[in-house]
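Text of the file my_file.txt, holding compact mmCIF, C-alpha atoms:
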```
# COMPACT_ATOMS: atom_id res chain seq x y z
CA MET A 2 22.29 -13.57 2.95
CA ASN A 3 19.98 -15.01 0.34
CA ASP A 4 18.01 -17.84 1.95
CA ASN A 5 16.28 -19.12 -1.19
CA ASN A 6 18.74 -21.92 -1.83
CA PHE A 7 19.15 -23.02 1.76
CA PHE A 8 15.68 -24.13 2.82
CA GLU A 9 16.97 -27.69 3.12
CA ASP A 10 18.99 -26.48 6.09
CA LEU A 11 16.28 -24.33 7.68
CA TYR A 12 13.43 -25.32 9.92
CA GLU A 13 9.95 -24.43 8.71
CA LEU A 14 9.31 -21.72 11.25
CA ASN A 15 6.31 -19.44 11.56
CA PHE A 16 7.36 -16.17 13.13
CA GLU A 17 4.40 -15.79 15.48
CA ASP A 18 4.28 -19.44 16.54
CA PHE A 19 8.05 -19.50 17.00
CA LEU A 20 7.96 -16.61 19.49
CA LYS A 21 4.79 -17.77 21.23
CA ASN A 22 6.29 -21.16 21.85
CA PHE A 23 9.52 -19.63 23.13
CA ILE A 24 7.59 -17.47 25.60
CA SER A 25 5.43 -20.37 26.72
CA ILE A 26 8.62 -22.13 27.78
CA LEU A 27 9.72 -19.06 29.74
CA PHE A 28 6.42 -19.21 31.59
CA SER A 29 6.34 -22.97 32.00
CA SER A 30 4.41 -24.39 34.93
CA LYS A 31 7.68 -25.32 36.67
CA GLU A 32 8.52 -21.64 36.95
CA TYR A 33 5.15 -20.91 38.56
CA GLY A 34 4.94 -24.00 40.72
CA ASN A 35 1.81 -25.26 38.99
CA ASP A 36 1.25 -28.83 37.87
CA ASN A 37 -1.17 -28.09 35.04
CA ASN A 38 1.13 -27.35 32.11
CA ASP A 39 -1.40 -26.72 29.36
CA ASP A 40 -3.81 -24.50 31.26
CA VAL A 41 -1.15 -22.29 32.82
CA ASP A 42 0.73 -21.74 29.59
CA LYS A 43 -2.41 -20.89 27.65
CA THR A 44 -3.65 -18.38 30.22
CA HIS A 45 -0.36 -16.55 30.01
CA ILE A 46 -0.20 -16.63 26.24
CA TYR A 47 -3.69 -16.46 24.84
CA GLU A 48 -6.99 -14.73 25.35
CA ASN A 49 -9.64 -15.20 22.67
CA ASN A 50 -6.90 -16.49 20.36
CA ASN A 51 -5.00 -13.21 20.72
CA TYR A 52 -1.51 -12.73 22.06
CA ILE A 53 -1.83 -10.61 25.21
CA LEU A 54 1.30 -11.11 27.33
CA LYS A 55 2.45 -7.66 28.38
CA ASN A 56 5.97 -6.33 27.97
CA ASN A 57 6.41 -5.76 31.73
CA ASP A 58 5.36 -9.33 32.48
CA ILE A 59 8.02 -10.64 30.15
CA LYS A 60 10.76 -8.55 31.69
CA LYS A 61 9.92 -9.96 35.11
CA SER A 62 10.11 -13.55 33.92
CA ARG A 63 12.89 -15.60 35.50
CA LEU A 64 15.34 -17.61 33.41
CA PRO A 65 17.22 -19.91 35.81
CA PHE A 66 15.71 -23.07 34.34
CA ILE A 67 15.05 -22.03 30.75
CA ALA A 68 17.73 -24.18 29.15
CA ASN A 69 16.81 -27.33 31.04
CA ASN A 70 13.12 -26.69 30.41
CA ILE A 71 13.72 -26.59 26.67
CA ILE A 72 15.89 -29.70 26.67
CA ASN A 73 13.29 -31.58 28.69
CA ASN A 74 10.58 -30.56 26.25
CA LYS A 75 11.04 -33.36 23.70
CA GLU A 76 8.70 -31.79 21.16
CA ASN A 77 10.66 -28.54 20.87
CA VAL A 78 14.19 -29.65 21.65
CA LYS A 79 15.39 -28.82 18.14
CA LEU A 80 14.52 -25.16 18.61
CA TYR A 81 16.08 -22.26 20.51
CA ARG A 82 19.63 -23.60 20.71
CA ARG A 83 20.69 -20.11 19.67
CA ILE A 84 19.54 -19.06 23.15
CA TYR A 85 19.84 -22.07 25.42
CA TRP A 86 23.30 -23.23 24.33
CA PRO A 87 24.87 -19.94 25.49
CA LEU A 88 22.83 -20.17 28.69
CA LEU A 89 24.04 -23.71 29.35
CA LEU A 90 27.64 -22.70 28.69
CA GLY A 91 27.36 -19.74 31.05
CA ILE A 92 27.90 -17.08 28.39
CA TYR A 93 24.90 -15.10 29.59
CA LYS A 94 24.35 -14.76 33.34
CA ALA A 95 20.95 -13.05 33.12
CA GLU A 96 18.05 -14.25 35.25
CA ASN A 97 15.38 -12.29 33.41
CA LEU A 98 14.66 -11.49 29.80
CA GLU A 99 15.52 -7.80 29.99
CA ASP A 100 19.01 -8.53 31.31
CA LEU A 101 19.42 -11.33 28.77
CA ILE A 102 18.64 -9.00 25.87
CA ASN A 103 21.03 -6.35 27.23
CA ASP A 104 23.79 -8.93 27.74
CA ILE A 105 23.37 -10.28 24.21
CA GLN A 106 23.46 -6.79 22.74
CA LYS A 107 26.63 -5.91 24.66
CA LYS A 108 28.45 -9.01 23.48
CA ARG A 109 27.31 -8.44 19.91
CA HIS A 110 28.66 -4.89 20.11
CA LEU A 111 32.02 -6.18 21.36
CA TYR A 112 32.24 -8.48 18.35
CA LEU A 113 31.49 -5.59 16.00
CA GLN A 114 34.32 -3.67 17.66
CA ASP A 115 36.66 -6.61 17.10
CA LYS A 116 35.57 -6.79 13.48
CA GLU A 117 36.29 -3.10 13.09
CA GLU A 118 39.76 -3.58 14.60
CA TYR A 119 40.86 -6.69 12.70
CA ILE A 120 38.91 -6.50 9.44
CA ILE A 121 37.71 -2.98 8.62
CA LYS A 122 40.68 -0.88 9.75
CA PRO A 123 43.34 -2.96 7.94
CA ILE A 124 41.30 -2.74 4.75
CA ASN A 125 41.01 1.03 5.02
CA LEU A 126 44.68 1.53 5.89
CA ASN A 127 46.50 3.23 3.06
CA ILE A 128 50.00 1.77 3.29
CA GLN A 129 51.22 3.90 0.42
CA LYS A 130 50.85 7.05 2.54
CA LEU A 131 53.06 5.77 5.36
CA ASP A 132 56.65 6.94 5.72
CA PRO A 133 58.62 4.72 3.28
CA GLN A 134 61.79 5.23 5.33
CA ILE A 135 60.17 3.37 8.23
CA PHE A 136 57.49 1.24 6.62
CA HIS A 137 58.51 -0.58 3.48
CA PRO A 138 58.05 -4.13 2.12
CA LEU A 139 61.59 -5.22 3.03
CA SER A 140 61.32 -4.26 6.70
CA SER A 141 61.20 -7.26 9.06
CA ASP A 142 59.56 -5.31 11.88
CA ASP A 143 56.53 -7.25 13.15
CA LYS A 144 54.61 -3.97 13.43
CA ASN A 145 55.34 -3.07 9.85
CA PRO A 146 51.96 -2.84 8.01
CA TRP A 147 53.49 -4.58 5.00
CA THR A 148 54.55 -7.52 7.16
CA LEU A 149 51.21 -7.65 8.95
CA LYS A 150 49.34 -7.54 5.66
CA GLN A 151 51.34 -10.46 4.31
CA LYS A 152 50.87 -12.54 7.47
CA ASN A 153 47.16 -11.78 7.57
CA GLN A 154 46.76 -12.82 3.96
CA GLU A 155 48.57 -16.10 4.61
CA LEU A 156 46.34 -16.78 7.63
CA LYS A 157 43.17 -16.02 5.67
CA GLU A 158 44.28 -18.31 2.87
CA GLU A 159 45.01 -21.14 5.32
CA ILE A 160 41.55 -20.76 6.83
CA LYS A 161 39.93 -20.50 3.41
CA GLN A 162 41.32 -23.86 2.29
CA ASP A 163 39.70 -25.56 5.28
CA ILE A 164 36.44 -23.64 4.90
CA LEU A 165 36.13 -24.93 1.34
CA ARG A 166 36.14 -28.49 2.73
CA THR A 167 33.76 -27.80 5.61
CA TYR A 168 30.53 -29.74 5.06
CA SER A 169 30.97 -29.04 1.38
CA GLU A 170 28.10 -31.42 0.57
CA LYS A 171 25.60 -28.99 2.11
CA LYS A 172 24.33 -26.07 0.05
CA ILE A 173 24.53 -23.68 2.96
CA PHE A 174 28.30 -24.08 3.11
CA GLN A 175 28.69 -23.79 -0.66
CA ASN A 176 27.59 -20.16 -0.52
CA GLU A 177 30.49 -17.72 -0.87
CA GLU A 178 28.97 -15.17 1.49
CA ILE A 179 28.63 -17.74 4.25
CA ARG A 180 32.13 -19.04 3.61
CA GLU A 181 33.39 -15.49 4.01
CA ILE A 182 31.53 -15.16 7.33
CA LEU A 183 33.18 -18.33 8.64
CA ASN A 184 36.56 -17.11 7.43
CA THR A 185 36.06 -13.76 9.14
CA ILE A 186 35.10 -15.36 12.47
CA LEU A 187 38.08 -17.72 12.48
CA PHE A 188 40.46 -14.96 11.39
CA ILE A 189 39.34 -12.61 14.17
CA TRP A 190 39.56 -15.41 16.73
CA ALA A 191 43.06 -16.31 15.57
CA LYS A 192 44.19 -12.68 15.81
CA LYS A 193 42.78 -12.37 19.32
CA ASN A 194 44.42 -15.64 20.36
CA PRO A 195 47.91 -15.42 18.82
CA ASP A 196 49.30 -18.06 21.18
CA ILE A 197 46.95 -20.59 19.56
CA SER A 198 46.05 -18.93 16.25
CA TYR A 199 43.99 -21.00 13.82
CA LYS A 200 44.27 -24.78 13.66
CA GLN A 201 42.58 -27.24 11.35
CA GLY A 202 39.47 -28.63 12.98
CA MET A 203 38.28 -25.35 14.43
CA ASN A 204 36.33 -24.86 11.21
CA GLU A 205 34.33 -28.03 11.90
CA ILE A 206 33.29 -26.88 15.37
CA LEU A 207 32.45 -23.40 14.11
CA ALA A 208 30.24 -24.83 11.36
CA ILE A 209 27.98 -26.54 13.92
CA PHE A 210 27.52 -23.32 15.87
CA PHE A 211 26.85 -21.40 12.66
CA ILE A 212 24.19 -23.72 11.29
CA VAL A 213 22.39 -23.80 14.67
CA ASN A 214 22.19 -20.00 14.70
CA TYR A 215 21.40 -19.82 11.00
CA ARG A 216 18.49 -22.23 11.27
CA GLU A 217 16.80 -20.11 13.90
CA HIS A 218 16.85 -16.71 12.29
CA LEU A 219 13.56 -15.16 11.28
CA HIS A 220 13.34 -15.15 7.52
CA ASN A 221 10.94 -14.52 4.66
CA ASN A 222 7.87 -14.23 6.88
CA ASN A 223 4.97 -12.16 5.63
CA ASN A 224 3.93 -11.15 9.14
CA TYR A 225 7.38 -10.09 10.30
CA TYR A 226 7.05 -6.34 9.75
CA GLU A 227 3.54 -6.29 11.20
CA TYR A 228 4.77 -7.71 14.49
CA GLU A 229 8.04 -5.84 14.46
CA LYS A 230 6.12 -2.58 14.97
CA GLU A 231 5.25 -3.67 18.50
CA LEU A 232 7.96 -3.15 21.10
CA PHE A 233 7.22 -6.53 22.58
CA PHE A 234 7.87 -8.38 19.33
CA LYS A 235 10.87 -6.23 18.50
CA GLU A 236 12.59 -7.28 21.70
CA PHE A 237 11.98 -10.95 21.07
CA SER A 238 12.80 -10.83 17.38
CA ASN A 239 16.12 -9.21 18.29
CA LEU A 240 17.16 -12.45 19.99
CA PHE A 241 16.86 -14.27 16.67
CA ASP A 242 17.90 -11.41 14.40
CA LYS A 243 19.28 -12.48 11.04
CA GLU A 244 21.80 -9.63 11.06
CA PHE A 245 23.55 -10.98 14.15
CA ILE A 246 24.06 -14.60 13.12
CA GLU A 247 27.75 -13.90 12.59
CA ALA A 248 28.19 -12.16 15.95
CA ASP A 249 26.24 -14.80 17.86
CA THR A 250 28.27 -17.56 16.22
CA TYR A 251 31.55 -15.91 17.18
CA ILE A 252 30.37 -15.35 20.76
CA ILE A 253 29.55 -18.99 21.45
CA PHE A 254 32.57 -20.31 19.50
CA ASP A 255 34.96 -18.01 21.37
CA HIS A 256 33.52 -18.96 24.75
CA PHE A 257 33.57 -22.66 23.94
CA MET A 258 37.19 -22.56 22.79
CA ASN A 259 38.24 -20.58 25.85
CA MET A 260 36.68 -23.13 28.19
CA GLY A 261 39.85 -25.08 27.48
CA LEU A 262 39.17 -26.73 24.16
CA LYS A 263 41.70 -24.48 22.43
CA TYR A 264 44.52 -26.12 24.37
CA LEU A 265 43.73 -29.40 22.65
CA PHE A 266 44.96 -27.75 19.45
CA THR A 267 48.37 -26.81 20.87
CA SER A 268 51.63 -28.72 21.23
CA MET A 269 53.58 -28.96 24.46
CA GLU A 270 56.93 -27.22 24.45
CA GLU A 271 59.60 -29.41 22.96
CA LYS A 272 62.99 -29.49 24.63
CA LYS A 273 65.56 -28.89 21.94
CA ASN A 274 68.18 -31.32 23.17
CA SER A 275 65.89 -33.88 24.75
CA THR A 276 65.98 -37.54 23.70
CA ASN A 277 62.69 -38.27 25.46
CA LYS A 278 60.13 -38.96 22.74
CA ASN A 279 57.29 -38.13 25.12
CA THR A 280 58.27 -34.46 25.17
CA CYS A 281 56.80 -34.10 21.69
CA LYS A 282 53.40 -35.41 22.65
CA THR A 283 50.50 -33.00 22.47
CA VAL A 284 48.15 -32.29 25.32
CA LEU A 285 45.49 -34.12 23.36
CA LEU A 286 47.59 -37.28 23.11
CA HIS A 287 47.88 -37.31 26.89
CA LYS A 288 44.11 -37.00 27.10
CA CYS A 289 43.69 -39.93 24.71
CA THR A 290 46.09 -42.08 26.69
CA TYR A 291 44.34 -41.24 29.94
CA ILE A 292 40.86 -42.04 28.59
CA PHE A 293 41.99 -45.29 27.02
CA HIS A 294 44.40 -46.72 29.57
CA LYS A 295 42.62 -45.57 32.72
CA LEU A 296 38.94 -44.74 32.17
CA LEU A 297 38.23 -47.45 29.62
CA LYS A 298 40.40 -50.02 31.37
CA ASN A 299 38.68 -49.42 34.71
CA SER A 300 35.19 -49.31 33.24
CA ASP A 301 35.26 -52.11 30.68
CA LYS A 302 38.36 -54.27 30.92
CA LEU A 303 37.03 -56.78 28.40
CA LEU A 304 36.65 -54.13 25.72
CA TYR A 305 39.99 -52.59 26.69
CA ASN A 306 41.82 -55.92 26.36
CA HIS A 307 40.12 -56.59 23.04
CA LEU A 308 41.33 -53.28 21.59
CA ILE A 309 44.81 -53.93 22.98
CA SER A 310 44.86 -57.35 21.33
CA LEU A 311 44.09 -55.66 18.02
CA SER A 312 47.03 -53.27 18.58
CA ILE A 313 44.74 -50.26 18.23
CA GLU A 314 46.38 -47.09 19.48
CA PRO A 315 43.90 -44.81 21.31
CA GLN A 316 44.82 -41.71 19.34
CA ILE A 317 43.72 -43.41 16.10
CA PHE A 318 40.08 -42.88 17.00
CA LEU A 319 40.15 -40.63 20.07
CA LEU A 320 42.03 -37.68 18.59
CA ARG A 321 39.25 -36.65 16.25
CA TRP A 322 36.46 -37.60 18.65
CA ILE A 323 37.73 -35.39 21.46
CA ARG A 324 39.09 -32.46 19.49
CA LEU A 325 36.03 -32.14 17.23
CA PHE A 326 33.48 -33.14 19.86
CA TYR A 327 32.17 -35.94 17.63
CA CYS A 328 30.85 -33.52 15.00
CA ARG A 329 32.31 -35.64 12.20
CA GLU A 330 31.15 -38.97 13.60
CA PHE A 331 27.43 -38.24 13.33
CA PRO A 332 25.11 -36.27 11.02
CA ILE A 333 24.64 -32.64 12.06
CA ASP A 334 21.18 -33.19 13.56
CA ASP A 335 22.52 -36.01 15.75
CA THR A 336 25.61 -34.01 16.67
CA VAL A 337 23.61 -31.09 18.06
CA ILE A 338 21.57 -33.46 20.24
CA LEU A 339 24.81 -34.94 21.55
CA TRP A 340 26.08 -31.42 22.24
CA ASP A 341 22.86 -30.64 24.12
CA ASN A 342 23.90 -33.24 26.67
CA PHE A 343 27.53 -32.15 26.73
CA PHE A 344 26.57 -28.54 27.38
CA ALA A 345 23.96 -29.49 29.98
CA GLY A 346 26.80 -31.01 32.01
CA THR A 347 29.38 -28.27 31.55
CA GLN A 348 29.43 -27.39 35.23
CA LYS A 349 30.73 -30.90 35.90
CA LEU A 350 32.75 -31.26 32.74
CA LYS A 351 36.35 -31.57 33.93
CA TYR A 352 37.29 -32.66 30.44
CA ILE A 353 37.42 -29.01 29.48
CA GLN A 354 40.26 -27.34 31.34
CA THR A 355 41.14 -23.66 31.65
CA ASP A 356 44.75 -24.56 32.40
CA LYS A 357 46.56 -26.66 29.80
CA SER A 358 48.98 -27.95 32.46
CA ASN A 359 46.13 -29.19 34.64
CA ASN A 360 45.92 -32.98 34.79
CA GLN A 361 42.66 -33.32 36.71
CA GLU A 362 40.55 -36.36 36.00
CA ILE A 363 38.59 -36.30 32.76
CA ASN A 364 34.88 -36.41 33.33
CA ILE A 365 33.22 -39.77 32.90
CA TYR A 366 30.77 -38.18 30.44
CA ILE A 367 33.44 -38.38 27.77
CA TYR A 368 33.96 -42.07 28.36
CA ILE A 369 30.21 -42.68 28.28
CA TYR A 370 29.85 -41.17 24.84
CA ILE A 371 32.90 -42.99 23.55
CA TYR A 372 31.45 -46.23 24.84
CA ILE A 373 28.06 -45.47 23.25
CA TYR A 374 29.76 -44.86 19.94
CA ILE A 375 31.68 -48.14 20.17
CA LEU A 376 28.42 -49.95 20.93
CA ILE A 377 26.84 -48.38 17.85
CA ILE A 378 29.72 -49.68 15.74
CA LYS A 379 29.29 -53.15 17.25
CA LEU A 380 25.57 -53.14 16.42
CA HIS A 381 26.25 -52.15 12.82
CA ILE A 382 28.87 -54.89 12.45
CA ASN A 383 26.57 -57.52 13.89
```
Please, can you express the file's structure as structure tokens?
Amino acid sequence: MNDNNFFEDLYELNFEDFLKNFISILFSSKEYGNDNNDDVDKTHIYENNNYILKNNDIKKSRLPFIANNIINNKENVKLYRRIYWPLLLGIYKAENLEDLINDIQKKRHLYLQDKEEYIIKPINLNIQKLDPQIFHPLSSDDKNPWTLKQKNQELKEEIKQDILRTYSEKKIFQNEEIREILNTILFIWAKKNPDISYKQGMNEILAIFFIVNYREHLHNNNNYYEYEKELFFKEFSNLFDKEFIEADTYIIFDHFMNMGLKYLFTSMEEKKNSTNKNTCKTVLLHKCTYIFHKLLKNSDKLLYNHLISLSIEPQIFLLRWIRLFYCREFPIDDTVILWDNFFAGTQKLKYIQTDKSNNQEINIYIYIYIYIYILIIKLHIN
């Protein structure tokens, strides 16, 4: 990827400072039970202005509180989401840096295998050499390479049309190479999840994950190769490797969707001969109804009655808010801060279900953010 045209979407990162700061968070005073933040961090990181932390020390460092430590550090909260978002979501279970690096590498390798299976192999398949008596364009067999090729092309084209509209005002998403990366990720995910496949809106969620990872790759730094020679720096730089932006984006997107969000993109089975209009409702519509007519009604009856008096149906505003996790209601930089708080509460987040038939109570966090957004609208109107 050529970064020259995308600096508006990148943070101004210095390679050495970026890694030093990341490590200082790993060795925060909370981890060591010391109250003097500045002194402890500096003794672990610096000696005569030189970086001296040993490789073995790093591998022994514990990571149970890393994500919360970063979020609570107001000054650096915009950094390291490429690491702490997956930690918050439970993608990586590692408690030390060595295991974290190994876990990341394994998951990246699995993505490369998927890419080989769904992208590389079909491209290299020579259909012309297959037995024409069995495999030919007119065969309706689902396993027929001709049929698969046609279906894959239709799916890619459907995804492409949405990718072209994804944050099209930003230069980073105007780049054809990046658009192709997003298309590839969504295509592979759709092939691995045929019961859901691709649905409009997934591109919006993916774009947020991509730009977070893209912003934190190490790029165009004069000191990069000098530090890369040291094993210590190589291990850390691997966490933010430019070459694995695509893989890291797929990993977090796939996990996030499989926490239950993907079921908000599906329709409930429709009974062919049923006259009940409710049988056509989507899972998401049920969620909207529940939030509006139970959570909102119980929490703020005055606001609820006001919206009812205006004949405002909940799905008019809730559908997009819930399905897209508010990523189109706020600028990207505000969205990622909102997601910080969502992900920090994922252990309690009943809003995301693993079973689409499960009707457990939606977590109050969702209502809180809806209410905050309504208050923001009120303030702007007034």
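Coordinates place CA of Lys152 in chain A at a distance of 20.2 Å from CA of Leu165 in chain A.
Closest approach to Lys157 in chain A from the set A:Lys122, A:Lys200, A:Lys302, A:His218 is made by A:Lys200, with distances taken over all atoms listed in the file.
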Would you mind reading off the distance between CA of Lys108 in chain A and CA of Lys94 in chain A, one decimal, in Å?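 Pair CA of Lys108 in chain A / CA of Lys94 in chain A returns 12.1 Å.
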Which of these, A:Met258, A:Ile246, A:Leu113, A:Leu319, has the shortest distance to Tyr291 in chain A once you count only C-alpha atoms?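 Selected residue with least distance to Tyr291 in chain A: A:Leu319.
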Between CA of Glu217 in chain A and CA of Arg82 in chain A, what is the distance, to one decimal in Å? 8.2 Å
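Residues with at least one atom no more than 12 Å from (28.8, -6.7, 22.7), using all atoms listed in the file, are Ile92, Tyr93, Ile102, Asn103, Asp104, Ile105, Gln106, Lys107, Lys108, Arg109, His110, Leu111, Tyr112, Leu113, Gln114, Asp115, Lys116, Phe245, Ala248, Asp249, Tyr251 and Ile252 of chain A.
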Next, the residues of the selection above should be written as a PDB file, in the coordinates of the input with C-alpha atoms.
```pdb
ATOM      1  CA  ILE A  92      27.900 -17.080  28.390  1.00  0.00           C
ATOM      2  CA  TYR A  93      24.900 -15.100  29.590  1.00  0.00           C
ATOM      3  CA  ILE A 102      18.640  -9.000  25.870  1.00  0.00           C
ATOM      4  CA  ASN A 103      21.030  -6.350  27.230  1.00  0.00           C
ATOM      5  CA  ASP A 104      23.790  -8.930  27.740  1.00  0.00           C
ATOM      6  CA  ILE A 105      23.370 -10.280  24.210  1.00  0.00           C
ATOM      7  CA  GLN A 106      23.460  -6.790  22.740  1.00  0.00           C
ATOM      8  CA  LYS A 107      26.630  -5.910  24.660  1.00  0.00           C
ATOM      9  CA  LYS A 108      28.450  -9.010  23.480  1.00  0.00           C
ATOM     10  CA  ARG A 109      27.310  -8.440  19.910  1.00  0.00           C
ATOM     11  CA  HIS A 110      28.660  -4.890  20.110  1.00  0.00           C
ATOM     12  CA  LEU A 111      32.020  -6.180  21.360  1.00  0.00           C
ATOM     13  CA  TYR A 112      32.240  -8.480  18.350  1.00  0.00           C
ATOM     14  CA  LEU A 113      31.490  -5.590  16.000  1.00  0.00           C
ATOM     15  CA  GLN A 114      34.320  -3.670  17.660  1.00  0.00           C
ATOM     16  CA  ASP A 115      36.660  -6.610  17.100  1.00  0.00           C
ATOM     17  CA  LYS A 116      35.570  -6.790  13.480  1.00  0.00           C
ATOM     18  CA  PHE A 245      23.550 -10.980  14.150  1.00  0.00           C
ATOM     19  CA  ALA A 248      28.190 -12.160  15.950  1.00  0.00           C
ATOM     20  CA  ASP A 249      26.240 -14.800  17.860  1.00  0.00           C
ATOM     21  CA  TYR A 251      31.550 -15.910  17.180  1.00  0.00           C
ATOM     22  CA  ILE A 252      30.370 -15.350  20.760  1.00  0.00           C
TER      23      ILE A 252
END
```
